[in-house]
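Quick notes on the structure that follows.
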Amino acid sequence: MHQNIINFRIKIVMDNFDKIGEIIAQLSTEAPEDLSQRIFLAIEKRESRMAKIKIAIFGFISSVSFVLIYFAGTSAVANFYSSGTPQTFSLIFSDFQSVVANFGDYFISIGESFPIVPFVYALLSLVIFAVFTGLSLNNIQKFKELKTNLNYDYKHN
């Protein structure tokens with residue numbers, strides 16, 4: 001029964017559609033001429049404000065991640081050289097025959113000595129910086145477009 005109630009309500013509204021339109025027409029007053037223009041202007045002002053807020057937030061996050069790139073990169077390079085990984089790589093040039101003879105053990109030792117975590121932090125900081133910088137630039141472009149539209153509307157109103 002409850003499934004038919006929705007159909008019943010729709011049928012009542014459709015049957016009385018003309019009456020509802022007449023009632024609304026009688027109750028409504030004449031809208032000002034520039035109402036739609038004022039509504040669009042208010043929407044553009046709100047979008048402009050939101051673009052400013054997004055620029056501030058995304059800019060802050062990208063600047064913090066830029067600083068983190070420096071610290072994480074410095075840490076990754078320092079850990080890379082202190083772990084002995086470059087010395088393990090140099091074995092390829094100094095004693096290639098022993099590397100070929102112990103191929104599996106050689107690559108396992110590279111994997112064990114390579115400092116993965118600092119490099120992951122550096123790459124993660126780089127990705128966050130790229131994403132939030134892109135978002136900031138998109139919002140800056142949007143803000144400029146809205147600003148020119150708002151300046152045009154203010155001049156012509």
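Residues are referred to by chain and number: the chain letter is A, B, ... according to the order shown in the structure tokens, the number counts from 1 in that chain, and ligands are numbered separately from 1 in the order shown.
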Excluding Gly59 in chain A and residues on its chain fewer than 4 positions from it, collect all residues at most 10 Å away from it, counting only C-alpha atoms, and give them as a list in words.
-> Ile53, Lys54, Ile55, Ser63, Val64, Ser65, Phe129, Phe132, Thr133, Gly134, Leu135, Ser136 and Leu137 of chain A
Just to be explicit: take each residue in the selection above, keep C-alpha atoms, and write the result as a JSON list (two decimals), in the first residue's frame.
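And here is the file that came out, selection_36.json:
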```json
[["chain", "number", "residue", "atom", "x", "y", "z"],
["A", 53, "ILE", "CA", 39.87, 30.74, 1.33],
["A", 54, "LYS", "CA", 40.96, 27.78, -0.80],
["A", 55, "ILE", "CA", 43.98, 29.72, -2.07],
["A", 63, "SER", "CA", 54.44, 25.86, 1.43],
["A", 64, "VAL", "CA", 54.66, 23.52, 4.43],
["A", 65, "SER", "CA", 55.20, 20.54, 2.12],
["A", 129, "PHE", "CA", 53.49, 19.82, -2.86],
["A", 132, "PHE", "CA", 48.28, 21.38, -3.55],
["A", 133, "THR", "CA", 50.27, 23.78, -5.73],
["A", 134, "GLY", "CA", 48.11, 22.72, -8.67],
["A", 135, "LEU", "CA", 44.95, 23.26, -6.63],
["A", 136, "SER", "CA", 46.20, 26.69, -5.54],
["A", 137, "LEU", "CA", 46.95, 27.70, -9.12]]
```
